[in-house]
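Structure first, commentary second.
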Amino acid sequence: MIGLLLLSLLHIPPSTSTEQTNITDTDWRDSMTPVRSVGSCGGAVAPIAIVSALEWHIASITGQLKPLSVQYLVDCGVDRKSGKEVDRCDHGVSVTALIKQIMTEQYLPYEKDYEYVANYEAGRCEEVGARERKLPNGLEGVWLNGFSTVGGEPENIRKALMKGPTINMILTGKDFVHPPLPSAVVTDTTCVKTSEPELVPFAGWQSNNGDPYFIVGANSGERIGEKGYVRYADNKQNEKCMIARLGAYQLNVSPRKEVEYQIGKGKLNFKEAREWCRSQGEGWELAHIPTAQHNFELYDLLRDKFGDDKKQDGTFNFYWIGLVNTAPGKWSWVGEEGGEGADFLRFDKKIKYRFAVMKKVNKGSEDMRGMWNARAESTRLRFACSRYI
């Protein structure tokens, strides 16, 4: 049954013999809302896992821990082709699709305004005003910039958990029964034979004097384990059931800063375009695009001005944005080259140059508009500027 973790007490040695001296114990539960139960809505496992992690990030930035609406993500999904609402209780939705929805909208109501009912309710999204964003926005103080895939071995999960909760896919089997003690470190011995994939929030990792375990929210409310959290053994057997081969994700969230855009004049090379933007006054730079929402906003501004038709002169088909490749695999917004790098990236294929551009022509659906590429610094292109306000 999706959402139900069955537990076994068989002790198996830890999953790795490598030194863990660089890994510290983590437990983020004090900054997370109580464990939720999916109830009769099996497709809610992804929304619950994402919301649980997102709430932690918001609390770490704003200092306020407030439950966000899982039901909004269940009710307010729209099929890209038909444009109709999707019953996510029956059909479910991928983690990446949900994260991208939130990234695009930068909107998620509070739980108190749009409560979870463990069922899809057709039309409710419009009835409560959520689709028109009439409900207060729980993301008001932050931006969801993106997510990273935490790949490979359990060691990667341990390291990721030092930064905050992760969203993990595990297999749950028949041996996942209620432990006799809430504090038991448990192992599933049958997950590979009788398994159902389930998305769960990982809230930490404990070395536990050589008997390590992950702290896992069980999607069954507070009735299992320690108020809904299971001490999930970090060992070879559970490695077969979890994480590395099925996928784990970590959100990237930052404080919200509003952005103002303006279109530059003429066609300039990258350096000249940046100088023009900086000449507009304090705070102006070649365009920063921190989220998908801002990417659409800037693309639509440029499209309204210049259209989206393809020109034979290729210099009319791209716009400079203020993004530079500063190291292998690392892109940074101009003026922030010494920082951790850009969180939101939207390149459409392999890039040969160091200086990013937005493509004028949209060859796909509306949610694919504003794809990026790169050009040589000396290319003369139209451009856009931005400043944080």
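Just remember, in the structure tokens the first chain shown is A, the second B, etc., residues are 1-based per chain, and ligands are 1-based in the order shown.
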Residues at most 10 Å from segment 278-288 of chain A, counting only C-alpha atoms, excluding those fewer than 3 positions away in the same chain, as a VMD selection string? chain A and resid 259 to 264 270 to 275 291 294 to 295 298 319 to 323 332 to 335 342 383 to 389
Could you write out the selected residues, including C-alpha atoms, as a PDB file, in the first residue's frame?
```pdb
ATOM      1  CA  VAL A 259      13.187  42.038 -10.219  1.00  0.00           C
ATOM      2  CA  GLU A 260      12.534  44.924 -12.617  1.00  0.00           C
ATOM      3  CA  TYR A 261      13.396  44.576 -16.318  1.00  0.00           C
ATOM      4  CA  GLN A 262      13.988  46.964 -19.174  1.00  0.00           C
ATOM      5  CA  ILE A 263      14.992  46.402 -22.806  1.00  0.00           C
ATOM      6  CA  GLY A 264      18.343  47.791 -23.914  1.00  0.00           C
ATOM      7  CA  PHE A 270      28.295  41.330 -24.335  1.00  0.00           C
ATOM      8  CA  LYS A 271      30.687  43.787 -22.668  1.00  0.00           C
ATOM      9  CA  GLU A 272      29.049  46.820 -24.250  1.00  0.00           C
ATOM     10  CA  ALA A 273      25.572  45.595 -23.344  1.00  0.00           C
ATOM     11  CA  ARG A 274      26.605  45.178 -19.740  1.00  0.00           C
ATOM     12  CA  GLU A 275      28.118  48.669 -19.671  1.00  0.00           C
ATOM     13  CA  THR A 291      13.458  31.707 -11.541  1.00  0.00           C
ATOM     14  CA  HIS A 294      11.110  35.606 -14.286  1.00  0.00           C
ATOM     15  CA  ASN A 295      12.287  33.837 -17.428  1.00  0.00           C
ATOM     16  CA  LEU A 298      11.386  38.613 -19.588  1.00  0.00           C
ATOM     17  CA  TYR A 319      19.165  38.350 -26.695  1.00  0.00           C
ATOM     18  CA  TRP A 320      22.047  38.766 -24.260  1.00  0.00           C
ATOM     19  CA  ILE A 321      21.320  37.877 -20.630  1.00  0.00           C
ATOM     20  CA  GLY A 322      23.785  38.425 -17.812  1.00  0.00           C
ATOM     21  CA  LEU A 323      24.994  34.873 -17.369  1.00  0.00           C
ATOM     22  CA  SER A 332      27.114  32.838 -12.571  1.00  0.00           C
ATOM     23  CA  TRP A 333      25.121  36.034 -12.977  1.00  0.00           C
ATOM     24  CA  VAL A 334      27.301  39.038 -13.790  1.00  0.00           C
ATOM     25  CA  GLY A 335      28.205  40.889 -10.623  1.00  0.00           C
ATOM     26  CA  ALA A 342      23.245  30.493 -10.792  1.00  0.00           C
ATOM     27  CA  PHE A 383      19.746  42.651 -24.793  1.00  0.00           C
ATOM     28  CA  ALA A 384      17.818  43.228 -21.588  1.00  0.00           C
ATOM     29  CA  CYS A 385      18.744  44.719 -18.215  1.00  0.00           C
ATOM     30  CA  SER A 386      17.479  44.115 -14.690  1.00  0.00           C
ATOM     31  CA  ARG A 387      17.747  45.322 -11.128  1.00  0.00           C
ATOM     32  CA  TYR A 388      16.564  43.950  -7.802  1.00  0.00           C
ATOM     33  CA  ILE A 389      14.010  46.146  -6.043  1.00  0.00           C
TER      34      ILE A 389
END
```
Show me, as a VMD selection string, the residues that have an atom within 8 Å of Gly221 of chain A when counting only C-alpha atoms, minus same-chain residues fewer than 5 positions from it. chain A and resid 34 to 38 227 to 228
Determine which residues of segment 41-181 of chain A receive a DSSP assignment of strand (DSSP E), computed from the backbone, and state them as a VMD selection string. chain A and resid 142 to 149 166 to 172
Kindly save the residues from that selection, with N, CA, C and O atoms included, as a tab-separated table (two decimals), in the first residue's frame.
```
chain	number	residue	atom	x	y	z
A	142	VAL	N	10.15	33.84	-0.26
A	142	VAL	CA	11.23	33.04	-0.84
A	142	VAL	C	10.98	32.80	-2.32
A	142	VAL	O	9.88	33.00	-2.83
A	143	TRP	N	12.03	32.34	-2.99
A	143	TRP	CA	11.94	31.81	-4.34
A	143	TRP	C	12.37	30.36	-4.34
A	143	TRP	O	13.39	30.01	-3.72
A	144	LEU	N	11.63	29.52	-4.99
A	144	LEU	CA	12.10	28.16	-5.29
A	144	LEU	C	12.88	28.26	-6.60
A	144	LEU	O	12.30	28.41	-7.66
A	145	ASN	N	14.21	28.21	-6.50
A	145	ASN	CA	15.06	28.40	-7.67
A	145	ASN	C	15.18	27.15	-8.53
A	145	ASN	O	15.36	27.23	-9.75
A	146	GLY	N	15.15	26.00	-7.88
A	146	GLY	CA	15.34	24.77	-8.64
A	146	GLY	C	15.57	23.60	-7.71
A	146	GLY	O	15.21	23.62	-6.53
A	147	PHE	N	16.18	22.57	-8.24
A	147	PHE	CA	16.46	21.38	-7.46
A	147	PHE	C	17.71	20.72	-8.02
A	147	PHE	O	18.11	20.95	-9.16
A	148	SER	N	18.33	19.91	-7.21
A	148	SER	CA	19.47	19.11	-7.66
A	148	SER	C	19.15	17.64	-7.47
A	148	SER	O	18.41	17.27	-6.55
A	149	THR	N	19.67	16.83	-8.37
A	149	THR	CA	19.53	15.39	-8.24
A	149	THR	C	20.69	14.87	-7.40
A	149	THR	O	21.85	15.11	-7.73
A	166	THR	N	15.94	15.83	2.19
A	166	THR	CA	15.92	15.40	0.80
A	166	THR	C	14.58	14.72	0.51
A	166	THR	O	13.84	14.34	1.42
A	167	ILE	N	14.29	14.57	-0.77
A	167	ILE	CA	13.07	13.89	-1.24
A	167	ILE	C	13.53	12.61	-1.92
A	167	ILE	O	14.25	12.66	-2.91
A	168	ASN	N	13.13	11.47	-1.40
A	168	ASN	CA	13.71	10.20	-1.84
A	168	ASN	C	12.66	9.21	-2.31
A	168	ASN	O	11.54	9.17	-1.78
A	169	MET	N	13.05	8.41	-3.27
A	169	MET	CA	12.22	7.30	-3.73
A	169	MET	C	12.77	6.02	-3.12
A	169	MET	O	13.96	5.72	-3.24
A	170	ILE	N	11.91	5.27	-2.44
A	170	ILE	CA	12.32	3.97	-1.90
A	170	ILE	C	11.28	2.92	-2.31
A	170	ILE	O	10.17	3.24	-2.72
A	171	LEU	N	11.68	1.67	-2.19
A	171	LEU	CA	10.76	0.56	-2.39
A	171	LEU	C	10.30	0.07	-1.03
A	171	LEU	O	11.10	-0.12	-0.12
A	172	THR	N	9.01	-0.13	-0.87
A	172	THR	CA	8.48	-0.62	0.39
A	172	THR	C	7.95	-2.03	0.20
A	172	THR	O	7.19	-2.29	-0.73
```
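If only C-alpha atoms are the atoms counted, then among A:Leu161, A:Val357, A:Val192, A:Ile99 the closest residue to Val51 of chain A is A:Ile99.
When only C-alpha atoms are used to compute distances to Thr326 of chain A, the closest of the residues A:Ala44, A:Asp300, A:Arg375, A:Phe355 turns out to be A:Phe355.
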Need the shell around segment 301-314 of chain A: protein/DNA/RNA residues with any atom at most 6 Å away, counting only C-alpha atoms. Skip same-chain ones fewer than 2 positions apart. Format as a short mmCIF file (atom, residue, chain, number, x, y, z; two decimals) with all heavy atoms, in the first residue's frame?
```cif
data_model
loop_
_atom_site.label_atom_id
_atom_site.label_comp_id
_atom_site.auth_asym_id
_atom_site.auth_seq_id
_atom_site.Cartn_x
_atom_site.Cartn_y
_atom_site.Cartn_z
N LEU A 298 10.46 37.91 -18.71
CA LEU A 298 11.39 38.61 -19.59
C LEU A 298 11.15 38.22 -21.04
O LEU A 298 11.15 39.08 -21.94
CB LEU A 298 12.83 38.32 -19.18
CG LEU A 298 13.90 38.98 -20.06
CD1 LEU A 298 13.72 40.49 -20.11
CD2 LEU A 298 15.29 38.63 -19.56
N TYR A 299 10.94 36.94 -21.29
CA TYR A 299 10.68 36.51 -22.68
C TYR A 299 9.45 37.21 -23.24
O TYR A 299 9.45 37.68 -24.38
CB TYR A 299 10.51 35.00 -22.74
CG TYR A 299 10.20 34.50 -24.15
CD1 TYR A 299 11.22 34.26 -25.05
CD2 TYR A 299 8.89 34.30 -24.56
CE1 TYR A 299 10.95 33.84 -26.35
CE2 TYR A 299 8.60 33.88 -25.86
CZ TYR A 299 9.64 33.64 -26.73
OH TYR A 299 9.36 33.24 -28.02
N PHE A 316 19.47 38.68 -34.91
CA PHE A 316 18.15 39.12 -34.47
C PHE A 316 17.41 38.02 -33.71
O PHE A 316 16.30 38.25 -33.23
CB PHE A 316 17.30 39.57 -35.67
CG PHE A 316 17.70 40.91 -36.22
CD1 PHE A 316 18.58 41.00 -37.27
CD2 PHE A 316 17.18 42.07 -35.67
CE1 PHE A 316 18.94 42.24 -37.78
CE2 PHE A 316 17.53 43.32 -36.18
CZ PHE A 316 18.42 43.40 -37.24
N ASN A 317 17.97 36.84 -33.62
CA ASN A 317 17.26 35.69 -33.05
C ASN A 317 17.67 35.36 -31.62
O ASN A 317 17.20 34.36 -31.06
CB ASN A 317 17.47 34.46 -33.94
CG ASN A 317 16.89 34.65 -35.32
OD1 ASN A 317 15.84 35.29 -35.48
ND2 ASN A 317 17.56 34.12 -36.34
N LYS A 360 15.04 33.91 -29.23
CA LYS A 360 13.85 34.65 -29.61
C LYS A 360 12.74 33.71 -30.07
O LYS A 360 11.56 33.91 -29.75
CB LYS A 360 14.19 35.63 -30.73
CG LYS A 360 13.00 36.39 -31.30
CD LYS A 360 13.42 37.21 -32.52
CE LYS A 360 12.25 37.97 -33.10
NZ LYS A 360 12.60 38.68 -34.34
N VAL A 361 13.09 32.69 -30.83
CA VAL A 361 12.10 31.81 -31.45
C VAL A 361 11.68 30.72 -30.48
O VAL A 361 12.52 30.04 -29.90
CB VAL A 361 12.66 31.19 -32.74
CG1 VAL A 361 11.64 30.29 -33.40
CG2 VAL A 361 13.12 32.28 -33.70
#
```
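You will find atom CA of Asp343 of chain A at 13.3 Å from atom CA of Gln293 of chain A.
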Among segment 19-51 of chain A, which residues does DSSP mark as alpha helix (DSSP H) when it is run on the backbone? Keep the chain and numbering as in the structure and answer as a list in words. Val45, Ala46, Pro47, Ile48, Ala49, Ile50 and Val51 of chain A
What does the distance between atom CA of Glu226 of chain A and atom CA of Phe214 of chain A come to in Å, to one decimal place? 12.7 Å
